[in-house]
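Written below as structure tokens is the structure these notes are about.
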Amino acid sequence: MNYLSSNPILVEKHVILSDSEADVLLKKFKITPDKLPKIYDNDPQILKIKGKPGQIVAIERDDDGKKYTYYRLIIKKGSI
Amino acid sequence: MQAEIIDNIKFTTLSPDTIKKMSVAKLIVADTYNEDGYPIDGGLMDQRLGVIDPGLKCKTCGGRAKSCMGHFGHIELVRPVIHPEFARFIYMLLQSTCEKCNRVMLSKELADDVKLALKEINLNADEQKEELLFNDIVKKLKTLKKCPYCGTEQHKRKFERPTFFYLNGETIKPDTIRDWLENIPDEDLISIGIDPKATRPEWLILSVLLVPPVNVRPSITLESGERSEDDLTHKLVEIMRINERLSQDIDAGAPQIIIDDLWELLQYHVTTYFNNETPGVPVARHRSTKPLKTLAQRLKGKEGRLRYNLSGKRVNFSARSVISSDASLTINQVGVPMKIASVMTIPLYVTKWNIEAAKKFIMNPDYPKALNVISKSGIRKRVTETNREDLVASLEPGDIVERQLMDNDIVLFNRQPTLHRLSIMAHRVKVMPGKTFRIQVSAAYPYNADYDGDEMNLHVPQTLEAQAEAIYMMQPKNLMLSARHGQPVFYAEEDEIAGLYFITKGDTYYTKDEAALMLSYIGIFDLPEESENGLYNGKSIISMLFPKDFNFTGNNLKGPVVIKNGKLIEGILDSKMIGEKGSTLISKLFIDYGPDFIERFILNLTKLSLRAVYKRGLTVSVKDYLVTNEMINERERIIKEVEDKANKIIEGYNDRTLDALPGYTRKQTMTTLLFAQLSEARDIAGKYLNKTMNTTNNAFLLASIGARGSIMNVIQMSMLLGQQSVRGKRPSRGYSGRVLPYFRKNDKDPRAKGFVTSCFFEGLTPTDFFEHAMGARDSAATKSLVTAVSGYMYRRLVNAMMDFYISDDKSVRGSGMELIQPIYGGDGVDPMYVNVESDK
């Protein structure tokens with residue numbers, strides 16, 4: 001069974017940030033990418049959107065009506 | 001300042017050469033001091049290893065006892081011994097190398113494969129994979145029958161704890177092992193995960209033993225003038241003694257058996273020197289049978305160097321005593337015994353503005369006096385009768401005067417376990433007679449303290465910065481609202497709630513004298529508005545506590561409460577208004593009038609309410625739980641009602657008209673429904689009591705205003721105990737098919753399965769008694785288990801998250817600025833400031 005082809009309604013939307021968007025984000029929080037929360041490159045959602053290590057994903061969360069965006073840095077599995 | 005980032009740390013072993021290079025002295029005498037108490041040259045207390053006696057000079061660096069931090073020495077062992085902590089590792093090496101040519105038994109092709117795999121792993125820095133790879137290799141090597149290089153047939157290696165090795169059933173001694181390990185080529189070692197530059201395997205066999213400096217193992221002089229050596233020194237003396245004997249016996253050409261025995265003894269001493277708790281080794285003991293504390297014991301465990309000395313520290317300027325309560329203190333104060341206040345000091349930093357005050361402290365012979373004066377150059381002098389004048393004369397701005405603790409000084413007060421920030425708060429000192437710390441009754445809640453012997457710690461902040469931080473961030477009056485749910489953490493309890501009920505219930509009137517006296521206790525010397533009958537209503541007396549412009553509407557446990565222009569118009573103040581069940585009134589007053597007002601208010605409320613309850617008197621007696629005929633009839637009716645309903649469910653199960661609930665079998669459905677149905681009996685009884693009982697019954701009164709106890713207590717004492725539960729179900733275990741042998745097997749009757757119909761007042765029937773005991777044991781066991789498990793989980797969570805903070809941009813950051821949450825809680829809302837409408 002290929003779980004990537006299914007459409008899980010419970011998983012938040014993951015979007016890869018463009019380089020310029022990433023710059024804005026890092027400037028806003030005054031940090032370097034390694035200070036962001038991490039996500040493995042073999043995470044099902046990252047495989048689905050074809051994320052590469054070093055890119056930043058925006059995760060659109062909806063916590064009981066409270067909408068906010070979470071950010072994670074894609075890293076290679078095993079590099080930590 | 002940006003801290004450097006540590007890339008990696010590499011641990012290696014010391015080679016004999018390194019040890020000799022580190023060492024300043026080769027030790028040859030197995031003794032410490034001579035008869036004159038002078039360190040023996042070449043002994044274990046050799047002065048080249050540093051000095052601990054004052055007056056002597058270190059022969060290596062010339063430093064004195066305080067300035068020389070010691071130097072390492074070494075012992076040359078005549079026969080090598082196994083390093084016990086590396087025994088398993090040595091076994092692994094023996095297994096993976098050939099017994100004849102001593103090469104790692106990887107064939108050429110395999111070795112190339114390993115090299116390739118290693119390259120990739122290094123590229124990805126995958127340590128887990130690296131470990132797995134080496135584990136795999138060693139596992140494979142163990143099973144080889146023949147060396148791929150010299151073709152020698154391999155025999156079985158055996159390892160016996162702690163340090164014995166056998167090849168084909170015959171002992172191999174450490175010197176043979178060392179030769180074997182020495183012979184393994186460097187390039188072979190890499191393929192089993194050893195860096196030969198850092199650690200050559202033969203270094204794991206000790207031929208030179210490093211001796212720590214004397215500062216590491218100081219001897220102590222007892223009062224009798226006797227010297228007592230450190231455990232490590234004892235052990236080292238023994239190692240040297242055996243070493244010496246071994247050397248003599250070898251020179252004298254003693255038989256091999258004797259030499260081997262001594263050699264084994266040497267091995268034993270070295271093993272226990274490293275770790276006196278090595279499995280399979282008898283523990284080395286003092287003459288008093290107390291086990292020796294050797295190297296590993298110094299570091300390991302709760303009392304070890306790491307957890308005891310590095311993670312946990314002792315502090316000065318602290319005190320500890322039993323706590324007791326005092327209703328005349330404010331929540332912001334702490335009562336400190338005179339005994340403690342006169343010993344603890346607070347620094348007074350002398351300036352030209354306070355120099356006169358400082359001089360007064362020095363001159364004062366009694367209580368608020370100065371204990372020490374620290375001059376600008378840092379010299380500390382004790383203030384005595386004789387030097388008082390001199391100290392005053394030489395006092396100048398920049399000096400520090402250490403004076404005794406006085407009223408209104410700021411101190412930190414703490415109760416363990418320190419689970420949250422409210423477990424340490426800053427109080428103002430109130431010096432008192434007695435020996436216990438006193439706190440306001442309501443201040444106990446955030447500390448989770450009671451007065452049955454609890455002890456608490458007190459710390460005196462010594463710098464102005466620390467004092468300022470304590471004042472601004474840690475005073476109880478500023479911490480009224482819980483950061484968890486935004487409700488007050490200081491509120492009235494028990495007697496205070498009862499007292500407030502009596503004052504505010506509406507038909508309580510006080511004479512002019514009584515009213516004036518009550519109000520004078522809280523420093524109010526005006527009288528409230530007189531009522532028509534010429535007396536003073538309790539409601540108007542309590543209204544004196546509110547600001548004139550205070551308006552409030554809310555609900556207590558019974559109905560609405562209205563305060564208009566600082567006057568209590570309607571309703572009583574119960575536990576929902578000012579107690580544990582919400583305390584909405586306190587929360588509103590705090591938000592509207594601030595910390596200083598609330599500090600006063602809680603004090604006045606406590607004093608006034610306690611005064612009122614003392615005045616009226618309140619007691620609970622057996623009479624309050626008396627079972628009347630009426631109650632007996634009602635109980636019979638309730639029991640019949642629920643049992644009839646229960647029997648209907650059983651009937652439905654028996655004639656198959658009862659349908660299963662989703663996800664349950666029919667039998668499960670029946671038990672669930674029965675349990676729910678029978679549990680209702682107590683609720684019905686509660687409703688009946690609520691209807692028939694009134695406030696002339698003190699037990700019922702206390703429960704209904706939330707002062708103490710609950711309706712459930714009254715129900716269980718006067719009506720019935722109700723359905724018992726074991727593991728959330730009706731009791732079902734004990735004997736086969738029944739709870740007690742009194743019942744028939746597979747009896748479904750409510751009373752056979754824990755429906756207890758008697759009450760505490762009348763006494764329990766034997767079967768009821770046992771069924772109740774089952775439920776009681778179950779809940780006691782669950783309770784203790786749940787608190788232990790959840791407490792541990794909470795501690796782990798706090799330890800993991802303790803240095804997170806909310807940054808000024810509302811994001812949550814870790815200690816290194818790393819982003820944990822882009823916005824706190826997803827909405828940036830602090831629960832402390834969320835207005836919780838407890839009625840909703």
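In the structure tokens, the first chain shown is A, the next is B, and so on; residue numbers restart at 1 for each chain, and ligands run from 1 in the order shown.
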Residues of chain A within 12 Å of chain B, using only C-alpha atoms, as a PyMOL selection string?
chain A and resi 25-26+28-38+58-73+75-80
Compile the contact shell of Leu17 of chain A as a PyMOL selection string: residues with an atom at most 8 Å away, counting only C-alpha atoms, same-chain residues fewer than 4 positions apart removed.
chain A and resi 21-22+55-58
Can you write out the residues you just picked, keeping N, CA and C atoms, as a PDB file, in the first residue's frame?
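Contents of the output file out_36.pdb:
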```
ATOM      1  N   GLU A  21      11.632  33.620   0.740  1.00  0.00           N
ATOM      2  CA  GLU A  21      10.728  33.477   1.898  1.00  0.00           C
ATOM      3  C   GLU A  21      11.501  33.009   3.127  1.00  0.00           C
ATOM      4  N   ALA A  22      12.429  32.058   2.874  1.00  0.00           N
ATOM      5  CA  ALA A  22      13.234  31.534   3.979  1.00  0.00           C
ATOM      6  C   ALA A  22      14.071  32.638   4.606  1.00  0.00           C
ATOM      7  N   GLN A  55      16.239  22.811   2.973  1.00  0.00           N
ATOM      8  CA  GLN A  55      15.066  23.648   2.715  1.00  0.00           C
ATOM      9  C   GLN A  55      14.240  23.784   3.997  1.00  0.00           C
ATOM     10  N   ILE A  56      13.398  24.786   4.023  1.00  0.00           N
ATOM     11  CA  ILE A  56      12.523  24.994   5.183  1.00  0.00           C
ATOM     12  C   ILE A  56      11.089  24.753   4.750  1.00  0.00           C
ATOM     13  N   VAL A  57      10.341  23.987   5.566  1.00  0.00           N
ATOM     14  CA  VAL A  57       8.919  23.791   5.255  1.00  0.00           C
ATOM     15  C   VAL A  57       8.064  24.589   6.219  1.00  0.00           C
ATOM     16  N   ALA A  58       6.999  25.154   5.679  1.00  0.00           N
ATOM     17  CA  ALA A  58       5.996  25.803   6.524  1.00  0.00           C
ATOM     18  C   ALA A  58       4.875  24.801   6.719  1.00  0.00           C
TER      19      ALA A  58
END
```
How would you write, as a ChimeraX atom specification, the set of residues in segment 231-480 of chain B that DSSP gives as strand (DSSP E or B)?
/B:285,291,318-325,333-337,345-349,370-374,380-382,397,399-404,410-414,424-432,437-439,455-459
I'd like the contact shell of segment 92-108 of chain B - 7 Å cut-off, only C-alpha atoms, skipping same-chain residues fewer than 5 positions apart - returned as number ranges by chain.
B: 138, 141-142, 147-148, 150, 152, 154, 157, 180, 183-185, 188
Residues within 12 Å of Ala483 of chain B, please, as a ChimeraX atom specification. Count only C-alpha atoms; anything in the same chain fewer than 4 positions from it doesn't count.
/B:420-422,446,478-479,487-489,829-834
Go ahead and write the selection's residues with N, CA and C atoms as a short mmCIF file (atom, residue, chain, number, x, y, z; two decimals), in the first residue's frame.
```cif
data_model
loop_
_atom_site.label_atom_id
_atom_site.label_comp_id
_atom_site.auth_asym_id
_atom_site.auth_seq_id
_atom_site.Cartn_x
_atom_site.Cartn_y
_atom_site.Cartn_z
N HIS B 420 7.18 23.81 41.01
CA HIS B 420 6.89 24.92 40.09
C HIS B 420 7.43 26.21 40.66
N ARG B 421 7.28 27.32 39.93
CA ARG B 421 7.94 28.54 40.37
C ARG B 421 7.38 29.04 41.70
N LEU B 422 6.12 28.71 42.02
CA LEU B 422 5.55 29.18 43.28
C LEU B 422 6.09 28.41 44.48
N PRO B 446 0.28 27.25 47.56
CA PRO B 446 1.25 27.09 46.46
C PRO B 446 2.47 26.27 46.84
N ASN B 478 2.36 39.59 44.27
CA ASN B 478 2.37 39.78 42.82
C ASN B 478 2.03 38.51 42.07
N LEU B 479 2.06 37.38 42.78
CA LEU B 479 1.87 36.09 42.12
C LEU B 479 0.51 35.50 42.45
N GLN B 487 -6.39 31.54 37.98
CA GLN B 487 -7.20 31.75 39.17
C GLN B 487 -6.30 31.95 40.39
N PRO B 488 -6.82 32.62 41.43
CA PRO B 488 -5.97 32.92 42.59
C PRO B 488 -5.40 31.66 43.23
N VAL B 489 -4.17 31.76 43.72
CA VAL B 489 -3.58 30.63 44.45
C VAL B 489 -3.59 30.89 45.95
N VAL B 829 -1.33 33.68 23.69
CA VAL B 829 -2.12 34.05 24.86
C VAL B 829 -1.52 33.45 26.13
N ASP B 830 -1.35 34.28 27.16
CA ASP B 830 -0.86 33.80 28.45
C ASP B 830 -2.06 33.39 29.29
N PRO B 831 -2.14 32.09 29.64
CA PRO B 831 -3.31 31.62 30.38
C PRO B 831 -3.50 32.35 31.71
N MET B 832 -2.41 32.93 32.24
CA MET B 832 -2.50 33.66 33.50
C MET B 832 -3.44 34.84 33.39
N TYR B 833 -3.53 35.44 32.21
CA TYR B 833 -4.35 36.64 32.06
C TYR B 833 -5.66 36.37 31.35
N VAL B 834 -5.98 35.09 31.19
CA VAL B 834 -7.26 34.78 30.58
C VAL B 834 -8.33 34.84 31.67
#
```
Nearest residue to Arg708 of chain B out of B:Ala498, B:Cys58, B:Ile374, B:Leu14, using only C-alpha atoms?
B:Ala498
